[in-house]
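What's in work-v4.csv: CSV, C-alpha atoms
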chain,number,residue,atom,x,y,z
A,1,MET,CA,112.4,68.5,83.6
A,2,ARG,CA,114.2,68.1,80.3
A,3,VAL,CA,117.5,67.6,78.7
A,4,ILE,CA,118.8,71.1,77.9
A,5,SER,CA,121.5,70.6,75.2
A,6,GLY,CA,123.3,68.0,73.1
A,7,SER,CA,122.1,64.9,71.3
A,8,ALA,CA,119.0,64.4,73.5
A,9,LYS,CA,118.1,68.1,73.6
A,10,GLY,CA,114.5,68.8,74.5
A,11,ARG,CA,113.7,65.2,75.6
A,12,ARG,CA,111.4,65.2,78.7
A,13,LEU,CA,112.7,63.2,81.7
A,14,ARG,CA,110.4,61.3,84.1
A,15,SER,CA,110.4,62.2,87.8
A,16,VAL,CA,110.8,59.6,90.6
A,17,PRO,CA,107.3,58.9,92.0
A,18,GLY,CA,106.7,60.3,95.5
A,19,GLU,CA,108.4,63.1,97.5
A,20,GLY,CA,111.7,61.4,98.2
A,21,THR,CA,113.8,63.1,95.5
A,22,ARG,CA,114.5,66.7,94.7
A,23,PRO,CA,115.6,67.0,91.1
A,24,ILE,CA,117.8,69.8,90.0
A,25,SER,CA,115.9,72.6,88.3
A,26,ASP,CA,116.5,73.2,84.7
A,27,ARG,CA,117.8,76.7,85.6
A,28,VAL,CA,120.5,75.4,88.0
A,29,LYS,CA,121.4,72.5,85.6
A,30,GLU,CA,121.9,74.9,82.8
A,31,ALA,CA,124.1,77.1,85.0
A,32,LEU,CA,126.1,74.1,86.1
A,33,PHE,CA,126.8,73.0,82.6
A,34,ASP,CA,127.7,76.5,81.5
A,35,ILE,CA,130.3,76.4,84.3
A,36,LEU,CA,131.6,73.0,83.2
A,37,ALA,CA,131.5,74.0,79.5
A,38,GLY,CA,133.9,71.9,77.4
A,39,ASP,CA,135.1,69.8,80.4
A,40,VAL,CA,132.1,67.5,79.8
A,41,VAL,CA,133.2,66.2,76.4
A,42,ASP,CA,134.8,62.8,76.8
A,43,ALA,CA,134.5,63.0,80.6
A,44,ASP,CA,133.8,60.0,82.8
A,45,VAL,CA,130.9,61.1,85.1
A,46,LEU,CA,129.8,59.7,88.5
A,47,ASP,CA,126.3,60.7,89.5
A,48,LEU,CA,125.9,59.9,93.3
A,49,PHE,CA,122.4,59.9,94.8
A,50,ALA,CA,121.4,60.0,91.2
A,51,GLY,CA,117.6,60.3,91.7
A,52,THR,CA,116.2,60.9,88.2
A,53,GLY,CA,119.6,60.7,86.5
A,54,SER,CA,119.1,64.2,85.1
A,55,VAL,CA,122.7,65.4,85.7
A,56,GLY,CA,124.4,62.3,84.3
A,57,ILE,CA,122.0,62.2,81.4
A,58,GLU,CA,122.7,65.8,80.6
A,59,ALA,CA,126.4,65.1,80.6
A,60,LEU,CA,126.0,62.1,78.3
A,61,SER,CA,123.9,64.3,76.0
A,62,ARG,CA,126.7,66.9,75.9
A,63,GLY,CA,129.3,64.3,75.0
A,64,ALA,CA,130.5,62.6,78.1
A,65,ARG,CA,132.2,59.3,77.4
A,66,ARG,CA,130.3,57.5,80.1
A,67,ALA,CA,128.2,58.0,83.2
A,68,VAL,CA,127.8,55.8,86.3
A,69,PHE,CA,124.6,56.3,88.3
A,70,ILE,CA,124.6,55.3,91.9
A,71,GLU,CA,121.2,55.1,93.7
A,72,SER,CA,119.7,52.9,96.3
A,73,ASP,CA,116.0,53.5,95.8
A,74,ARG,CA,114.2,51.0,93.5
A,75,ASP,CA,111.8,53.6,92.1
A,76,ALA,CA,114.7,55.9,91.3
A,77,ILE,CA,116.6,53.1,89.6
A,78,ALA,CA,113.6,52.4,87.4
A,79,THR,CA,113.2,56.1,86.6
A,80,ILE,CA,116.9,56.4,85.6
A,81,GLN,CA,116.7,53.4,83.3
A,82,ALA,CA,113.5,54.7,81.7
A,83,ASN,CA,115.1,58.1,81.2
A,84,LEU,CA,118.2,56.6,79.6
A,85,ARG,CA,116.1,54.6,77.2
A,86,ALA,CA,114.0,57.6,76.3
A,87,THR,CA,117.1,59.7,75.5
A,88,GLY,CA,118.9,56.9,73.7
A,89,LEU,CA,121.9,57.2,76.0
A,90,ALA,CA,121.8,53.8,77.8
A,91,ALA,CA,124.7,52.3,75.9
A,92,ARG,CA,127.2,54.7,77.6
A,93,ALA,CA,125.6,54.4,81.0
A,94,GLN,CA,125.9,52.1,84.0
A,95,VAL,CA,123.2,52.1,86.7
A,96,ILE,CA,124.1,50.5,90.0
A,97,ARG,CA,121.7,50.0,92.8
A,98,THR,CA,123.7,50.3,96.0
A,99,ASP,CA,124.4,52.6,98.9
A,100,VAL,CA,126.8,55.5,97.9
A,101,PHE,CA,129.0,54.8,100.9
A,102,VAL,CA,129.3,51.1,100.2
A,103,TYR,CA,130.3,52.0,96.6
A,104,LEU,CA,132.9,54.6,97.7
A,105,ALA,CA,134.4,52.2,100.2
A,106,ASN,CA,135.9,50.3,97.3
A,107,ASP,CA,139.0,51.2,95.4
A,108,PRO,CA,138.1,52.9,92.1
A,109,ARG,CA,138.9,51.0,88.9
A,110,GLN,CA,139.5,54.4,87.2
A,111,PRO,CA,139.0,58.0,88.3
A,112,PHE,CA,136.1,60.2,87.2
A,113,HIS,CA,136.4,63.7,85.8
A,114,ILE,CA,133.1,64.9,87.2
A,115,ILE,CA,131.5,63.6,90.4
A,116,TYR,CA,128.0,65.0,91.1
A,117,ILE,CA,126.7,64.7,94.7
A,118,ALA,CA,123.0,65.5,95.4
A,119,PRO,CA,122.0,63.7,98.5
A,120,PRO,CA,118.8,64.1,100.5
A,121,GLN,CA,118.8,67.3,102.5
A,122,TYR,CA,119.6,67.9,106.2
A,123,GLN,CA,121.2,64.5,106.9
A,124,GLY,CA,124.8,65.6,106.5
A,125,LEU,CA,125.2,63.1,103.6
A,126,TRP,CA,126.9,65.7,101.4
A,127,ALA,CA,129.7,66.1,104.0
A,128,ARG,CA,130.0,62.4,104.6
A,129,THR,CA,130.3,61.8,100.8
A,130,LEU,CA,133.1,64.4,100.5
A,131,GLN,CA,134.9,62.9,103.4
A,132,ALA,CA,134.6,59.5,101.8
A,133,LEU,CA,136.0,60.9,98.5
A,134,ASP,CA,138.8,62.7,100.5
A,135,ALA,CA,139.8,59.4,102.1
A,136,ARG,CA,140.0,57.8,98.7
A,137,PRO,CA,141.0,60.7,96.3
A,138,GLY,CA,141.6,58.2,93.5
A,139,TRP,CA,137.9,58.4,92.7
A,140,LEU,CA,138.5,62.0,91.3
A,141,ALA,CA,140.8,62.5,88.4
A,142,GLU,CA,143.7,64.9,89.1
A,143,ASP,CA,142.0,67.5,86.8
A,144,GLY,CA,138.5,66.6,87.9
A,145,VAL,CA,135.8,68.3,89.9
A,146,ALA,CA,133.4,67.1,92.5
A,147,ILE,CA,130.2,69.2,92.7
A,148,VAL,CA,127.8,69.2,95.7
A,149,GLN,CA,124.2,70.3,95.4
A,150,ILE,CA,122.8,71.4,98.8
A,151,TYR,CA,120.4,73.8,100.4
A,152,PRO,CA,122.6,76.9,101.3
A,153,LYS,CA,121.9,76.6,105.0
A,154,GLU,CA,123.5,73.2,105.1
A,155,PHE,CA,126.9,74.4,104.0
A,156,GLU,CA,129.7,74.4,106.5
A,157,PRO,CA,133.5,74.4,105.9
A,158,LEU,CA,135.0,70.9,106.0
A,159,ALA,CA,138.5,70.0,107.1
A,160,LEU,CA,139.6,68.0,104.1
A,161,THR,CA,143.1,66.7,103.3
A,162,ASN,CA,143.0,65.9,99.6
A,163,LEU,CA,140.1,68.0,98.3
A,164,GLN,CA,139.6,71.8,98.5
A,165,LEU,CA,136.6,74.1,97.9
A,166,VAL,CA,137.4,76.2,94.8
A,167,ASP,CA,134.0,77.8,94.0
A,168,GLN,CA,130.5,78.2,95.3
A,169,ARG,CA,127.4,79.4,93.4
A,170,ARG,CA,124.0,80.1,94.8
A,171,TYR,CA,120.8,79.9,92.8
A,172,GLY,CA,117.8,80.6,95.0
A,173,SER,CA,117.4,77.7,97.4
A,174,THR,CA,120.2,75.7,95.7
A,175,MET,CA,123.9,76.0,96.3
A,176,LEU,CA,126.6,74.3,94.1
A,177,CYS,CA,130.0,73.8,95.8
A,178,PHE,CA,132.9,72.8,93.6
A,179,TYR,CA,135.8,70.8,95.0
A,180,GLU,CA,139.1,69.8,93.3
A,181,ARG,CA,142.0,67.7,94.3
A,182,GLN,CA,144.8,69.6,96.1
A,183,ALA,CA,148.2,69.6,94.6
A,184,PRO,CA,150.5,67.1,96.5

Using the file provided, produce a representation of the structure as structure tokens.
Amino acid sequence: MRVISGSAKGRRLRSVPGEGTRPISDRVKEALFDILAGDVVDADVLDLFAGTGSVGIEALSRGARRAVFIESDRDAIATIQANLRATGLAARAQVIRTDVFVYLANDPRQPFHIIYIAPPQYQGLWARTLQALDARPGWLAEDGVAIVQIYPKEFEPLALTNLQLVDQRRYGSTMLCFYERQAP
């Protein structure tokens, strides 16, 4: 696992010890950032269930203004912090150890342009997270995108009021689902 492009290009990233996280593959991460293209520059990024921090770090490397990493696991927090130090991107990052749903229950101070959601599989956490964002749409900027990384068999259509599915991409055993705010 490495940073693919930008100021930290080629830097290796540590993995979280154990079997609890499933980092995004370099192939899927490269495809994701090809889709996002110039939308990353000066973006505020929220990396939920951050794991290794790979997606938020890639965004920072490519010019995101800041990234907030939300993770509850102590080993994952230590890994994110080590990866931020190794890439020299820690100054534009905030790492918060808390439960994603506790964090999202608060009112946002400011919206994020990119929200990345990569929860543990087969627990329905991706749907709960989108429902939490749908209930508080202010987390997502009006021109922003929320992206969910899931195993394709987990996908099911969700009845959302403020968010809508606008794109889906499948890369082997990984599916990326893109949600945007619906026009009022």

So which residues touch range 52-69 of chain A within 9 Å, counting only C-alpha atoms, skipping near sequence neighbours fewer than 2 positions away, as a ChimeraX atom specification?
/A:1-9,13-16,21-24,29,33,38-50,71,76-81,83-84,87,89,91-97,116

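The two atoms in question, CA of Glu180 in chain A and CA of His113 in chain A, are spaced 10.0 Å apart.
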
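Going from CA of Pro17 in chain A to CA of Trp126 in chain A covers 22.8 Å.
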
Mind pulling up the distance from CA of Val145 in chain A to CA of Ile115 in chain A?
6.4 Å

Distance table requested - range 20-136 of chain A against range 160-177 of chain A, cut-off 12 Å, all atoms listed in the file: one row per qualifying residue with the closest atom pair and its distance in Å to one decimal, ordered by chain and rising residue number, as a Markdown table.
| residue | atom | partner | partner_atom | distance |
| --- | --- | --- | --- | --- |
| A:Arg22 | CA | A:Thr174 | CA | 10.7 |
| A:Pro23 | CA | A:Thr174 | CA | 10.9 |
| A:Ile24 | CA | A:Thr174 | CA | 8.5 |
| A:Ser25 | CA | A:Thr174 | CA | 9.1 |
| A:Asp26 | CA | A:Tyr171 | CA | 11.4 |
| A:Arg27 | CA | A:Tyr171 | CA | 8.4 |
| A:Val28 | CA | A:Tyr171 | CA | 6.6 |
| A:Lys29 | CA | A:Leu176 | CA | 10.1 |
| A:Glu30 | CA | A:Tyr171 | CA | 11.2 |
| A:Ala31 | CA | A:Tyr171 | CA | 8.9 |
| A:Leu32 | CA | A:Leu176 | CA | 8.0 |
| A:Phe33 | CA | A:Leu176 | CA | 11.6 |
| A:Ile35 | CA | A:Arg169 | CA | 10.0 |
| A:Ile115 | CA | A:Cys177 | CA | 11.6 |
| A:Tyr116 | CA | A:Leu176 | CA | 9.9 |
| A:Ile117 | CA | A:Leu176 | CA | 9.6 |
| A:Ala118 | CA | A:Leu176 | CA | 9.6 |
| A:Gln121 | CA | A:Thr174 | CA | 10.9 |
| A:Trp126 | CA | A:Cys177 | CA | 10.3 |
| A:Ala127 | CA | A:Leu160 | CA | 10.1 |
| A:Arg128 | CA | A:Leu160 | CA | 11.1 |
| A:Thr129 | CA | A:Leu160 | CA | 11.7 |
| A:Leu130 | CA | A:Leu163 | CA | 8.2 |
| A:Gln131 | CA | A:Leu160 | CA | 7.0 |
| A:Ala132 | CA | A:Leu160 | CA | 10.1 |
| A:Leu133 | CA | A:Leu163 | CA | 8.2 |
| A:Asp134 | CA | A:Asn162 | CA | 5.4 |
| A:Ala135 | CA | A:Asn162 | CA | 7.7 |
| A:Arg136 | CA | A:Asn162 | CA | 8.7 |

Considering all atoms listed in the file, can you say which of A:Ala141, A:Val148, A:Leu158, A:Ala183 comes closest to Pro111 in chain A?
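Distance minimum relative to Pro111 in chain A lands on A:Ala141.
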
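Closest approach to Arg181 in chain A among A:Leu140, A:Ile150, A:Ile114, A:Ala159: A:Leu140, based on only C-alpha atoms.
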
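With distances restricted to only C-alpha atoms, A:Leu104 is the closest residue to Pro137 in chain A from A:Ile70, A:Leu104, A:Ala86, A:Leu125.
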